[in-house]
Structure formats: structure tokens, C-alpha cells
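Notes to accompany the following structure.
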Amino acid sequence: MSTGFVVLPDGCPTDTTWLYESPQVITHPSGRPWLVGRWGADEIVQAQAGSVRVVVIGHCPVTTTQLTRLAERVCEQRDVGPLARQLPGSHHLIVTSPDGTSVRGTITGLRQVFHTRVDGHAVASDRPDTLALLTGAGVDEGVLAARLATGGRLPAPLGTASVWSGISAVPDDHCLIMEGERAREVRWWQAPEPELPLEEGAPAVHAALSYAVRSRTSSRHPVTADLSGGMDSTALCFLAARSAHQLLTFRWGEADAGNDDAMFAAHSAALLVQASHMVVPQHELPALFAHPGDLADTEQPYPFTRTLARMKHTVGLLADRGSRTHFAGHGADELFGRFPGYLHRLLRRQPRLALRHLRGYQALNRWPLRDMLAQLARADSVQDWWRAEADSLTNPAPALRQPPLAWGLMPLRAPVWVTESAVDAARSQLRTAAETASPFADDRGQHQFLVALRATAPAYRQFARLFDTAGIRLHQPYLDDRVVEAALAVRMHERCTPWEYKPLLAAAMRDTLPERVRTRTTKGSFDEDLRAGLHRSLDELLELFADSELARAGLISSDVVRSQLLTPQANLSGHFAVEQLLGCETWFRAARHLGRSERRQKERERHILP
């Protein structure tokens with residue numbers, strides 16, 4: 001994901017070439033800039049059919065000839081949706097026709113679209129910080145307060161909104177259509193109805209995922225892939241081994257004695273005879289939370305701060321081994337995990353089956369019967385959910401065994417260090433979101449799956465940029481649109497049950513995975529890594545928050561943060577809350593100066609300023 005670009009309407013006088021080192025430019029027929037940015041030669045496909053021009057930026061395994069044939073079916077913008085639904089991979093799609101220009105990202109939000117107005121014209125980009133640099137935009141402290149006051153659990157669309165003032169994020173199922181000086185967001189994608197039986201849907205998932213991996217291993221460059229021992233990454237390794245010229249699997253050693261990842265990973269590695277394997281022991285890895293003041297990037301707060309130093313170290317190791325393509329199983333938990341919101345519809349359509357599932361979940365998770373029935377009896381809307389979360393933001397934390405049957409994945413609660421004014425600002429944001437909120441799918445369970453995917457995909461985009469710095473393309477095939485659609489088309493109660501772990505993925509990979517891994521029911525724990533890392537970096541964290549920019553802005557209390565860091569925690573939820581807070585702090589420090597300093601420096605370099 002080394003791309004970066006801006007899309008300009010014809011006639012826009014704004015110079016954007018200074019935003020990129022050695023910028024590449026694609027022009028309008030008039031000769032004025034249309035696309036300006038940086039992308040690899042293998043990351044772009046262009047086609048033209050009459051007055052229609054199509055550009056795909058990212059990973060899209062189609063030829064120019066194939067894309068031209070698809071472009072020939074487009075006469076106006078309403079014809080672009082069918083074209084987009086036929087393209088494999090993970091990419092941005094930009095199409096210009098006589099009635100305007102459209103820009104699309106991916107349905108998960110792994111690739112997003114942002115827009116603003118510059119010199120009276122609509123301008124789009126794949127990064128909000130690029131537009132902030134162009135316009136001098138500052139931080140939207142209301143959106144930032146909402147992130148802080150919800151502990152990083154804020155769902156889309158507010159959870160994926162731009163944290164830059166005056167810069168808008170296009171919803172992931174919408175496209176941006178630019179017509180002259182105007183721009184509008186138009187919905188073009190809807191989740192499929194989950195109607196396919198598992199035995200029909202599993203082959204479709206297998207075909208989509210196999211193609212997604214195969215299309216990324218066609219070169220003779222070395223390929224690396226995570227091999228954690230879990231079903232997700234192991235499936236990618238076995239698929240990659242079929243087509244990669246040279247495969248190296250990679251794994252971190254674990255600190256927890258009860259983590260059985262090593263056993264399953266070793267079993268798979270022994271069967272991958274055509275691959276070589278690399279395991280980095282704990283004592284050679286940076287501790288979790290090492291170098292807590294480091295910044296991931298300036299797009300948005302990075303939520304995975306505890307592993308940032310470890311990932312940078314990993315990227316260096318893989319680059320030294322010659323990797324140019326790396327596979328990771330991100331998105332599989334969100335795509336194939338358990339989100340039991342489907343029980344609402346199932347109870348009304350197939351009550352006997354629903355009751356059987358309910359009994360299974362109750363036995364598995366020990367959900368309180370009263371709470372479970374109360375939630376299932378509610379006929380609230382997604383708008384009601386947003387309003388209720390605003391009202392209960394400072395309520396006591398819910399019971400640990402709260403059934404996740406609402407429109408969101410979990411209740412939103414403000415961490416103790418968030419100030420009253422920040423809570424007020426967050427409540428305002430939540431209530432504003434409620435005014436226009438709509439479900440991502442008719443089935444509440446389908447909606448939950450999309451909530452989960454869209455909550456994490458933008459962070460996985462930032463994760464990929466860590467690999468970009470070393471010239472490695474990080475590929476996350478579970479987040480390809482065609483893979484996601486294939487999974488979402490399967491009946492909810494068959495792909496999500498209390499008796500089997502990821503049944504759809506297990507069925508799809510029946511002839512690919514070792515049976516021992518495919519039927520695994522455990523999940524490795526890194527709790528000890530987390531505790532040890534936080535303890536080791538405690539002094540640095542205390543020093544960082546003693547000089548907090550968020551506190552100076554009145555969003556958090558440094559004293560309360562210090563108290564929480566020094567207080568033993570009953571569970572790991574407090575540690576995860578610190579991780580989210582740290583991401584906001586390091587981002588805010590950089591973001592407050594981006595528009596003022598970096599833009600001015602760039603302009604000086606271009607001799608625009610004296």
C-alpha cells in the first residue's frame with residue numbers, strides 16, 4: 001500500500017505536486033493535472049474507452065486490455081458500480097466520464113477516500129493528512145474527543161471519520177462523485193443477503209481467497225508470511241506455498257507458558273517442506289510498549305501502539321531476508337468470528353433453531369439469561385443505539401459477561417482520565433452521528449460483521465505502511481472485497497455458531513489446512529508479554545504523560561493517567577485502554593504542527609514563500 005494520490009477536477013488551480021517527492025501526474029484531456037501522487041509501476045492500471053477513463057491504484061490483477069473491455073460498458077457514472085463489483089484485489093478506483101469523476105475505496109475501509117474543498121473546488125485523496133497538509137487544516141478536537149471518550153471502541157462511521165478539521169471521510173459503501181466544483185457521496189454497495197448454505201458458500205470463499213493469494217505471488221521475488229499457528233495465517237501460508245517461487249514463514253516466540261501457538265505452528269511448518277521458517281525468540285524482540293513516544297504516521301491515531309517497536313524490528317528482519325511481499329491474516333477474526341447479533345432475526349424466523357443457539361452461547365459464555373432475553377426483546381434502531389451510548393457514556397462499566405447483541409459490538413464507556421469537557425464533546429458527536437445513522441445491513445448480525453471489519457481496517461492500512469518503509473508490500477487477502485462478499489453471502493447461523501470456531505473458514509480450507517490446525521479450538525495468549533512490556537516501559541510512559549499535549553488541550557487529566565498507570569489492574573482492559581490513549585497522544589503531538597510547520601517548509605523548498 002505504497003500509493004498516495006490526490007484527485008483534482010479539471011480547472012482546479014491548486015498546485016499539489018509539492019506534496020510528493022518526485023510526483024507522478026496523470027492529466028485531464030485539457031492537459032491540467034487530474035491525478036497527482038506516487039505509486040509503483042505494478043500498482044496502477046489505466047484504460048480509456050471513448051470519453052471514459054479508468055484508473056485503478058493498488059493491487060488489481062487485471063490487464064489493460066481487460067480493464068478497457070470493462071470500461072467500454074461505462075457511459076456515465078451510474079455504470080461504474082457494476083464495473084467495480086467485477087474487479088478483484090484491493091485498490092482505489094477512479095473513473096472520469098462526461099458527467100463527472102468518481103473515486104471509490106474498498107468496502108471494508110482498508111482503502112478509504114477523503115475529500116475537502118481547495119480554492120473553491122472539491123479535491124479527493126486516499127489520505128486525510130495529505131489534504132490537511134494541502135489546506136493547513138487543524139485537528140478536529142470533537143472527533144478526537146469521541147475517540148478518547150470511547151476507549152478506541154468507536155464504530156463507523158464516527159469511528160472512521162477524519163480527525164482533521166474540514167476534511168470528510170467517504171463512507172465505505174459510498175463513492176465520491178465530483179461534478180465541476182461540487183462533490184457528493186453516493187451509496188453504491190450493499191451487503192449481500194446471507195442466504196447461501198455453508199456447503200455452497202465455502203467453495204466460493206476458497207476460490208476467492210485462493211485467487212487473492214495466487215495473484216500476489218506471481219513474481220520471482222521472495223515471499224514471506226506470518227505463521228502464528230492459528231487457522232488464519234496458516235491458511236495463507238499453505239495457499240502461498242502453491243505458487244510462491246520462494247516462501248519464508250515468520251513467527252514471534254511467545255512469553256506465556258500456556259500459549260500453544262508454537263505447537264501448532266511447528267506442526268504446520270513441518271508439512272510446509274518447500275518453505276523455510278524463521279522464529280524470533282522473545283529475548284531478541286523489543287518489549288511491548290517499547291519506545292512509547294514513537295509515531296506510526298500522521299493520518300490518524302494508531303491503535304496498535306504496544307507492538308509498534310516490535311513491528312518495526314520485524315520489518316527490518318524481513319527486509320534483510322529479501323522480502324518484497326508479505327502476507328498477514330488480518331481481518332479473518334472480523335470476517336469469520338462470532339458476532340451473535342444474528343440471533344435477533346433468527347429468533348423471529350426460526351425460533352427453535354435460535355433457542356438451540358442461545359442455549360449454546362449461554363453454556364459457552366455464561367451469559368445472564370435475563371440480560372440475554374432483554375436484549376433480544378428490544379426492537380431498537382441503530383439510531384437508538386447511538387443515542388443510548390451517548391447517554392450512558394459515563395455509566396459504570398457493564399458486566400464482563402454482557403451478551404453482545406446490540407447494534408454495536410460492546411457498550412461505550414469513557415476511561416477515567418477523560419475530562420468532563422471531552423465527555424461533553426464526545427456526547428455531542430455521538431448524538432450528531434445518531435441523526436444520520438443507518439444499518440450497514442438489514443440483518444443485525446451482518447451489520448456487526450461490517451462494524452468489526454470497518455473498525456480495524458483503517459488501522460491495518462497504517463500497519464501496512466510500516467512495511468512500505470522497507471520496500472515490502474503487506475498483503476491482507478481476507479480484506480479483499482471479493483473475499484469479504486463471498487463470506488458475507490453465507491447463512492449467518494451456519495458461519496457463526498457456539499459449537500465450532502470459524503466454521504466457514506474451516507470448511508473453506510478443508511483440503512488446504514492440516515486437520516490438526518483446522519480443528520483447533522484454542523487461541524494463543526500474549527497476556528504475559530503485555531504485562532511485562534508495560535512494566536518495563538512504565539517510567540517512559542509516566543514521563544510522556546506528565547508532559548501531555550492532550551492534557552494541555554483539556555481532553556485528559558495527566559494526574560489520573562499517572563494514577564492509573566501506577567495502580568495494579570484487575571484485568572487487561574486497562575492496559576488496552578492505555579494503548580489507545582498512547583496512540584492519540586503521539587498522533588496529537590505530531591498533528592498539531594503538521595499544517596503549520598511542514599506545509600510552510602515544503603513551500604519554502606518550492607520557493608513559494610520568501
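Just remember, in the C-alpha cells the first chain shown is A, the second B, etc., residues are 1-based per chain, and ligands are 1-based in the order shown.
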
Close residues, Pro439 of chain A itself excluded, 12 Å, only C-alpha atoms, min 2 positions apart in chain, as a ChimeraX atom specification = /A:155-157,173,190-191,380-386,406-408,434,436-437,441-451

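Distances to Ala455 of chain A were evaluated for A:Leu346, A:Val52, A:Leu158, A:Leu236 using only C-alpha atoms, and the minimum falls at A:Leu158.
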
Please identify all polymer residues within 10 Å of Asn395 of chain A, counting only C-alpha atoms, omitting same-chain residues fewer than 2 positions from it, and present them as a PyMOL selection string.
-> chain A and resi 389+391-393+397-398+412-414

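The coordinates place atom CA of Met231 of chain A at 24.0 Å from atom CA of Leu288 of chain A.
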
Please identify all polymer residues within 8 Å of Ile44 of chain A, counting only C-alpha atoms, omitting same-chain residues fewer than 5 positions from it, and present them as a list in words.
-> Trp39, Val55, Val56, Ile57, Gly58 and His59 of chain A

Using only C-alpha atoms, find the one residue out of A:Leu594, A:Thr150, A:Ser210, A:Leu479 that sits nearest to Thr135 of chain A.
->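 Once distances to Thr135 of chain A are computed over only C-alpha atoms, the minimum belongs to A:Leu594.
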
What is the atom CA of Pro403 of chain A-atom CA of Tyr361 of chain A distance in Å, reported with one decimal?
->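 These atoms are spaced 9.1 Å apart.
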
Kindly indicate which residue among A:Asp99, A:Asp320, A:Glu540, A:Asp172 lies nearest to Thr224 of chain A, using only C-alpha atoms for the distances.
-> A:Asp320

List every residue of segment 183-316 of chain A that DSSP, applied to the backbone, labels as alpha helix (DSSP H), and write the result as a PyMOL selection string.
-> chain A and resi 198-214+231-241+261-271+308-316

Go through segment 88-321 of chain A and collect every residue that DSSP, computed from the backbone, puts in strand (DSSP E or B); the answer should be as a count of residues only.
-> 55

Just the residues within 9 Å of segment 290-307 of chain A, please, counting only C-alpha atoms, with nothing from its chain fewer than 4 positions along; format it as a PyMOL selection string.
-> chain A and resi 127-130+144+152+162-164+286+311-312+456+459+462-463+465-466+530+533-534+536-537+540-541+544+576+579-588+590-591+594

Between A:Ala374, A:Ser97, A:Arg516, A:Leu70, single out the one closest to Pro29 of chain A, counting only C-alpha atoms.
->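 Under the stated criterion, the closest residue is A:Ser97.
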
Kindly give the distance, in Å, that separates atom CA of Val517 of chain A and atom CA of Ala309 of chain A, rounded to a single decimal.
-> 29.5 Å

Close residues, Ser228 of chain A itself excluded, 9 Å, only C-alpha atoms, min 3 positions apart in chain, as a VMD selection string | chain A and resid 231 to 234 250 to 252 261 to 262 264 to 265 524

Could you please take those selected residues and save N, CA, C and O atoms as a PDB file, in the first residue's frame?
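Ended up saving to part-v4.pdb:
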ATOM      1  N   MET A 231      -5.507 -20.605  12.521  1.00  0.00           N
ATOM      2  CA  MET A 231      -6.079 -21.005  11.241  1.00  0.00           C
ATOM      3  C   MET A 231      -5.877 -19.931  10.165  1.00  0.00           C
ATOM      4  O   MET A 231      -5.615 -20.252   8.999  1.00  0.00           O
ATOM      5  N   ASP A 232      -5.979 -18.670  10.538  1.00  0.00           N
ATOM      6  CA  ASP A 232      -5.978 -17.578   9.561  1.00  0.00           C
ATOM      7  C   ASP A 232      -4.660 -17.486   8.803  1.00  0.00           C
ATOM      8  O   ASP A 232      -4.619 -17.559   7.576  1.00  0.00           O
ATOM      9  N   SER A 233      -3.567 -17.304   9.539  1.00  0.00           N
ATOM     10  CA  SER A 233      -2.271 -17.145   8.882  1.00  0.00           C
ATOM     11  C   SER A 233      -1.801 -18.455   8.262  1.00  0.00           C
ATOM     12  O   SER A 233      -1.180 -18.454   7.195  1.00  0.00           O
ATOM     13  N   THR A 234      -2.113 -19.584   8.906  1.00  0.00           N
ATOM     14  CA  THR A 234      -1.682 -20.875   8.366  1.00  0.00           C
ATOM     15  C   THR A 234      -2.315 -21.149   7.003  1.00  0.00           C
ATOM     16  O   THR A 234      -1.663 -21.669   6.093  1.00  0.00           O
ATOM     17  N   PHE A 250       7.203 -16.707   9.089  1.00  0.00           N
ATOM     18  CA  PHE A 250       7.761 -15.892  10.176  1.00  0.00           C
ATOM     19  C   PHE A 250       6.856 -15.976  11.398  1.00  0.00           C
ATOM     20  O   PHE A 250       5.622 -15.965  11.283  1.00  0.00           O
ATOM     21  N   ARG A 251       7.491 -16.029  12.570  1.00  0.00           N
ATOM     22  CA  ARG A 251       6.710 -16.077  13.808  1.00  0.00           C
ATOM     23  C   ARG A 251       7.507 -15.472  14.961  1.00  0.00           C
ATOM     24  O   ARG A 251       8.724 -15.628  15.026  1.00  0.00           O
ATOM     25  N   TRP A 252       6.792 -14.757  15.842  1.00  0.00           N
ATOM     26  CA  TRP A 252       7.377 -14.318  17.098  1.00  0.00           C
ATOM     27  C   TRP A 252       7.303 -15.450  18.114  1.00  0.00           C
ATOM     28  O   TRP A 252       6.281 -16.146  18.213  1.00  0.00           O
ATOM     29  N   ASP A 261       0.481 -21.709  20.605  1.00  0.00           N
ATOM     30  CA  ASP A 261       0.717 -21.364  19.203  1.00  0.00           C
ATOM     31  C   ASP A 261       1.924 -22.112  18.634  1.00  0.00           C
ATOM     32  O   ASP A 261       1.907 -22.572  17.492  1.00  0.00           O
ATOM     33  N   ALA A 262       3.000 -22.201  19.453  1.00  0.00           N
ATOM     34  CA  ALA A 262       4.243 -22.802  18.966  1.00  0.00           C
ATOM     35  C   ALA A 262       4.018 -24.234  18.483  1.00  0.00           C
ATOM     36  O   ALA A 262       4.575 -24.657  17.452  1.00  0.00           O
ATOM     37  N   PHE A 264       1.240 -25.674  17.280  1.00  0.00           N
ATOM     38  CA  PHE A 264       0.508 -25.736  16.018  1.00  0.00           C
ATOM     39  C   PHE A 264       1.337 -25.176  14.858  1.00  0.00           C
ATOM     40  O   PHE A 264       1.284 -25.693  13.740  1.00  0.00           O
ATOM     41  N   ALA A 265       2.112 -24.127  15.136  1.00  0.00           N
ATOM     42  CA  ALA A 265       2.957 -23.552  14.088  1.00  0.00           C
ATOM     43  C   ALA A 265       4.046 -24.538  13.671  1.00  0.00           C
ATOM     44  O   ALA A 265       4.346 -24.689  12.473  1.00  0.00           O
ATOM     45  N   GLY A 524      -3.978 -18.546  21.049  1.00  0.00           N
ATOM     46  CA  GLY A 524      -2.801 -18.167  21.823  1.00  0.00           C
ATOM     47  C   GLY A 524      -2.987 -16.866  22.577  1.00  0.00           C
ATOM     48  O   GLY A 524      -3.666 -15.948  22.119  1.00  0.00           O
TER      49      GLY A 524
END

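Remark: for Ser168 of chain A, the closest of the candidate residues A:Tyr460, A:Phe339, A:Phe114, A:Tyr501 is A:Phe114 (distances computed over only C-alpha atoms).
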
Proximity to Pro458 of chain A - best of A:Ser165, A:Ser573, A:Thr160, A:Gln86, only C-alpha atoms = A:Thr160

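Excluding segment 328-330 of chain A itself and any same-chain residue fewer than 2 positions from it, the protein and nucleic acid residues within 7 Å of it, counting only C-alpha atoms, are A:Ala225, A:Asp226, A:Asp232, A:Ser233, A:His326, A:Ala332, A:His475, A:Gln476, A:Tyr478.
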